[in-house]
Amino acid sequence: MREAFGAVFDVEPGYLNTASIGVPPRHVADAVAAAHERWRRGQDTSSSFNEVVEISREAFGRLIGVPATSVACGATVSQFVSLVAQALPAGSKVFLQDGEFTSVTLPFVAAGHQIVSTVDEADLVAVSVVQSADGAVADLDALRASGKPVLLDVSQAAGWMPLSLAWADFVVGVAYKWLMSPRGAAWMAVRPDRLESLRPLAANWYSTEENYGTRLVLRPDARRFDLSPTWFAHVGAAVALPWIATLDLEAVRAHCVNLTDHLMTGLGLTPNGSAIVSVDVPHVSGVVSSVRAGRTRFACHLYNTVEDIDRVLKALG
């Protein structure tokens, strides 16, 4: 059991894998367990989950600096990126960062768009705020100054990094990493002036409030792009995200980066200012990490401690 930022975690020592799966605080896991118990007893209806969906929607908006009316709820990043990719004119030029995660890249490839190597020649820039493979942090000021339409993936940033992204055209992110919620919830923020540029390719009862028939009556805001929600994922997100939104995220960032800095300097390497680092070292016994692009990836979140890092340094010493 560990206590961090006012919450209790049951995470085991040496867990440095949040970039793959975030570990929930006890009160989030308890809320999901209670929802499963209600399900087991037949105590819910589909409308029982409407409130948690709206709570998670609003909290994701707070975490990236946009109102709830700009946020659509779905299940995966690739679903939302595909919505943007299919809306672009045929043969559009898209800038994608080298080594970018496929949930961001492949929807544009599948749509037949041209992938370009510089921002200047792009019709759209699609990048992760923090890269999954190595933790590299995007230069958001430069992207904003470029004046190019931008799609940002915050899956590896929201939850440890303060964000203010109302300027971006599209912002996507998932629940199950740094937001410490069950897999199955994702969100996309759409800047209000870009709503009409997208078509609701997966229009459904939840995005239209029409249960039967062929009338397509779209909601007036970003909810027109909702998928029918994965209920238990939103139960957890409705507890985790509002709690995270109350935290001092500058302090969370400092905590995480101080730990990765300690790891990198202990290995004689240059820190990267991120909660994620990628190093050319073998697997460390007693530590949970991942291998990405042939290198071992370590990720530090608010529940990690210097003892976790020292466990790595001692094993590699």
# chains A, B, ... in the order shown; residues from 1 in each chain; ligands from 1
$ residues_around --residues "Gly147 of chain A" --least-positions-apart "5" --cutoff "12 Å" --atoms "only C-alpha atoms" --output "PDB file with C-alpha atoms, in the first residue's frame"
ATOM      1  CA  VAL A 119       5.202  20.891 -40.833  1.00  0.00           C
ATOM      2  CA  ASP A 120       5.417  23.677 -43.418  1.00  0.00           C
ATOM      3  CA  GLU A 121       4.091  21.505 -46.255  1.00  0.00           C
ATOM      4  CA  ALA A 122       1.310  19.889 -44.211  1.00  0.00           C
ATOM      5  CA  ASP A 123      -2.438  20.443 -44.388  1.00  0.00           C
ATOM      6  CA  LEU A 124      -2.705  18.858 -40.931  1.00  0.00           C
ATOM      7  CA  VAL A 125      -0.177  18.089 -38.187  1.00  0.00           C
ATOM      8  CA  LEU A 140       3.462  22.896 -28.470  1.00  0.00           C
ATOM      9  CA  ASP A 141       4.386  26.578 -28.703  1.00  0.00           C
ATOM     10  CA  ALA A 142       6.000  25.995 -32.083  1.00  0.00           C
ATOM     11  CA  TRP A 167      -6.298  26.342 -29.388  1.00  0.00           C
ATOM     12  CA  ALA A 168      -5.854  22.897 -30.999  1.00  0.00           C
ATOM     13  CA  ASP A 169      -8.293  21.774 -33.685  1.00  0.00           C
TER      14      ASP A 169
END
$ closest_atom_pairs --of "segment 231-276 of chain A" --to "segment 284-299 of chain A" --cutoff "10 Å" --atoms "only C-alpha atoms" --output "Markdown table"
| residue | atom | partner | partner_atom | distance |
| --- | --- | --- | --- | --- |
| A:Cys256 | CA | A:Ala299 | CA | 8.4 |
| A:Val257 | CA | A:Ala299 | CA | 9.6 |
| A:Leu259 | CA | A:Ala299 | CA | 9.3 |
| A:Thr260 | CA | A:Ala299 | CA | 7.7 |
| A:Leu263 | CA | A:Phe298 | CA | 9.2 |
| A:Ser274 | CA | A:Ala299 | CA | 8.9 |
| A:Ala275 | CA | A:Ala299 | CA | 5.7 |
| A:Ile276 | CA | A:Ala299 | CA | 4.4 |
$ write_last_selection --atoms "all heavy atoms" --output "PDB file, in the first residue's frame"
ATOM      1  N   CYS A 256       7.122  13.285 -11.132  1.00  0.00           N
ATOM      2  CA  CYS A 256       7.426  12.263 -12.136  1.00  0.00           C
ATOM      3  C   CYS A 256       8.775  12.516 -12.803  1.00  0.00           C
ATOM      4  O   CYS A 256       9.583  11.583 -12.973  1.00  0.00           O
ATOM      5  CB  CYS A 256       6.328  12.228 -13.190  1.00  0.00           C
ATOM      6  SG  CYS A 256       4.692  11.784 -12.567  1.00  0.00           S
ATOM      7  N   VAL A 257       9.009  13.750 -13.191  1.00  0.00           N
ATOM      8  CA  VAL A 257      10.246  14.074 -13.905  1.00  0.00           C
ATOM      9  C   VAL A 257      11.457  13.957 -12.985  1.00  0.00           C
ATOM     10  O   VAL A 257      12.535  13.516 -13.414  1.00  0.00           O
ATOM     11  CB  VAL A 257      10.146  15.469 -14.541  1.00  0.00           C
ATOM     12  CG1 VAL A 257      11.491  15.911 -15.114  1.00  0.00           C
ATOM     13  CG2 VAL A 257       9.076  15.472 -15.633  1.00  0.00           C
ATOM     14  N   LEU A 259      11.857  11.767 -10.758  1.00  0.00           N
ATOM     15  CA  LEU A 259      12.170  10.340 -10.695  1.00  0.00           C
ATOM     16  C   LEU A 259      12.884   9.870 -11.959  1.00  0.00           C
ATOM     17  O   LEU A 259      13.880   9.130 -11.885  1.00  0.00           O
ATOM     18  CB  LEU A 259      10.893   9.536 -10.472  1.00  0.00           C
ATOM     19  CG  LEU A 259      10.240   9.684  -9.097  1.00  0.00           C
ATOM     20  CD1 LEU A 259       8.907   8.947  -9.061  1.00  0.00           C
ATOM     21  CD2 LEU A 259      11.157   9.168  -7.991  1.00  0.00           C
ATOM     22  N   THR A 260      12.392  10.265 -13.129  1.00  0.00           N
ATOM     23  CA  THR A 260      13.071   9.839 -14.355  1.00  0.00           C
ATOM     24  C   THR A 260      14.434  10.501 -14.479  1.00  0.00           C
ATOM     25  O   THR A 260      15.381   9.887 -14.987  1.00  0.00           O
ATOM     26  CB  THR A 260      12.221  10.140 -15.602  1.00  0.00           C
ATOM     27  OG1 THR A 260      11.915  11.530 -15.655  1.00  0.00           O
ATOM     28  CG2 THR A 260      10.940   9.323 -15.602  1.00  0.00           C
ATOM     29  N   LEU A 263      16.761   8.444 -12.513  1.00  0.00           N
ATOM     30  CA  LEU A 263      17.127   7.231 -13.242  1.00  0.00           C
ATOM     31  C   LEU A 263      18.172   7.530 -14.307  1.00  0.00           C
ATOM     32  O   LEU A 263      19.193   6.821 -14.409  1.00  0.00           O
ATOM     33  CB  LEU A 263      15.881   6.622 -13.887  1.00  0.00           C
ATOM     34  CG  LEU A 263      16.108   5.414 -14.796  1.00  0.00           C
ATOM     35  CD1 LEU A 263      16.752   4.264 -14.036  1.00  0.00           C
ATOM     36  CD2 LEU A 263      14.798   4.964 -15.432  1.00  0.00           C
ATOM     37  N   SER A 274      10.769  14.330 -19.143  1.00  0.00           N
ATOM     38  CA  SER A 274       9.502  13.641 -19.364  1.00  0.00           C
ATOM     39  C   SER A 274       9.279  12.600 -18.283  1.00  0.00           C
ATOM     40  O   SER A 274      10.217  12.178 -17.596  1.00  0.00           O
ATOM     41  CB  SER A 274       9.521  12.962 -20.744  1.00  0.00           C
ATOM     42  OG  SER A 274       8.340  12.222 -20.974  1.00  0.00           O
ATOM     43  N   ALA A 275       8.021  12.150 -18.139  1.00  0.00           N
ATOM     44  CA  ALA A 275       7.712  11.057 -17.214  1.00  0.00           C
ATOM     45  C   ALA A 275       8.028   9.698 -17.812  1.00  0.00           C
ATOM     46  O   ALA A 275       7.922   8.683 -17.124  1.00  0.00           O
ATOM     47  CB  ALA A 275       6.241  11.120 -16.815  1.00  0.00           C
ATOM     48  N   ILE A 276       8.402   9.672 -19.096  1.00  0.00           N
ATOM     49  CA  ILE A 276       8.734   8.437 -19.808  1.00  0.00           C
ATOM     50  C   ILE A 276      10.162   8.536 -20.311  1.00  0.00           C
ATOM     51  O   ILE A 276      10.556   9.553 -20.896  1.00  0.00           O
ATOM     52  CB  ILE A 276       7.795   8.218 -21.003  1.00  0.00           C
ATOM     53  CG1 ILE A 276       6.339   8.178 -20.558  1.00  0.00           C
ATOM     54  CG2 ILE A 276       8.164   6.942 -21.753  1.00  0.00           C
ATOM     55  CD1 ILE A 276       5.348   8.173 -21.716  1.00  0.00           C
TER      56      ILE A 276
END
$ select_by_dssp --residues "segment 5-116 of chain A" --states "alpha helix (DSSP H)" --output "ChimeraX atom specification"
/A:26-40,50-64,77-87,102-110
$ closest_residue --among "A:Asp98, A:Ala68, A:His283, A:Gly135" --to "Pro271 of chain A" --atoms "only C-alpha atoms"
A:Gly135
$ closest_residue --among "A:Val28, A:Asp193, A:Val116, A:Ala19" --to "Ala7 of chain A" --atoms "only C-alpha atoms"
A:Val28
$ closest_atom_pairs --of "segment 54-125 of chain A" --to "segment 232-242 of chain A" --cutoff "7 Å" --atoms "only C-alpha atoms" --output "tab-separated table"
residue	atom	partner	partner_atom	distance
A:Ile55	CA	A:Ala238	CA	5.3
A:Ser56	CA	A:Ala238	CA	4.5
A:Ala59	CA	A:Pro242	CA	5.2
A:Phe60	CA	A:Leu241	CA	6.6
$ residues_around --residues "segment 155-163 of chain A" --least-positions-apart "4" --cutoff "6 Å" --atoms "only C-alpha atoms" --output "VMD selection string"
chain A and resid 64 130 173 to 174 178 to 179 249 252 to 253
$ closest_residue --among "A:Pro192, A:Gly42, A:Gly61, A:Gly6" --to "Ala222 of chain A" --atoms "only C-alpha atoms"
A:Pro192
$ select_by_dssp --residues "segment 6-167 of chain A" --states "strand (DSSP E)" --output "JSON, numbers by chain"
{"A": [7, 8, 9, 71, 72, 73, 74, 93, 94, 95, 96, 114, 115, 116, 124, 125, 126, 127, 128, 150, 151, 152, 153]}
$ closest_residue --among "A:Pro13, A:Gly317, A:Pro229, A:Gly268" --to "Glu54 of chain A" --atoms "only C-alpha atoms"
A:Pro229
$ atom_distance --atom1 "atom CA of Val312 of chain A" --atom2 "atom CA of Gly273 of chain A"
18.8 Å
$ closest_residue --among "A:Ser78, A:Val23, A:Val137, A:Val127" --to "Gln97 of chain A" --atoms "only C-alpha atoms"
A:Val127
$ residues_around --residues "segment 80-90 of chain A" --least-positions-apart "6" --cutoff "9 Å" --atoms "only C-alpha atoms" --output "count of residues only"
28
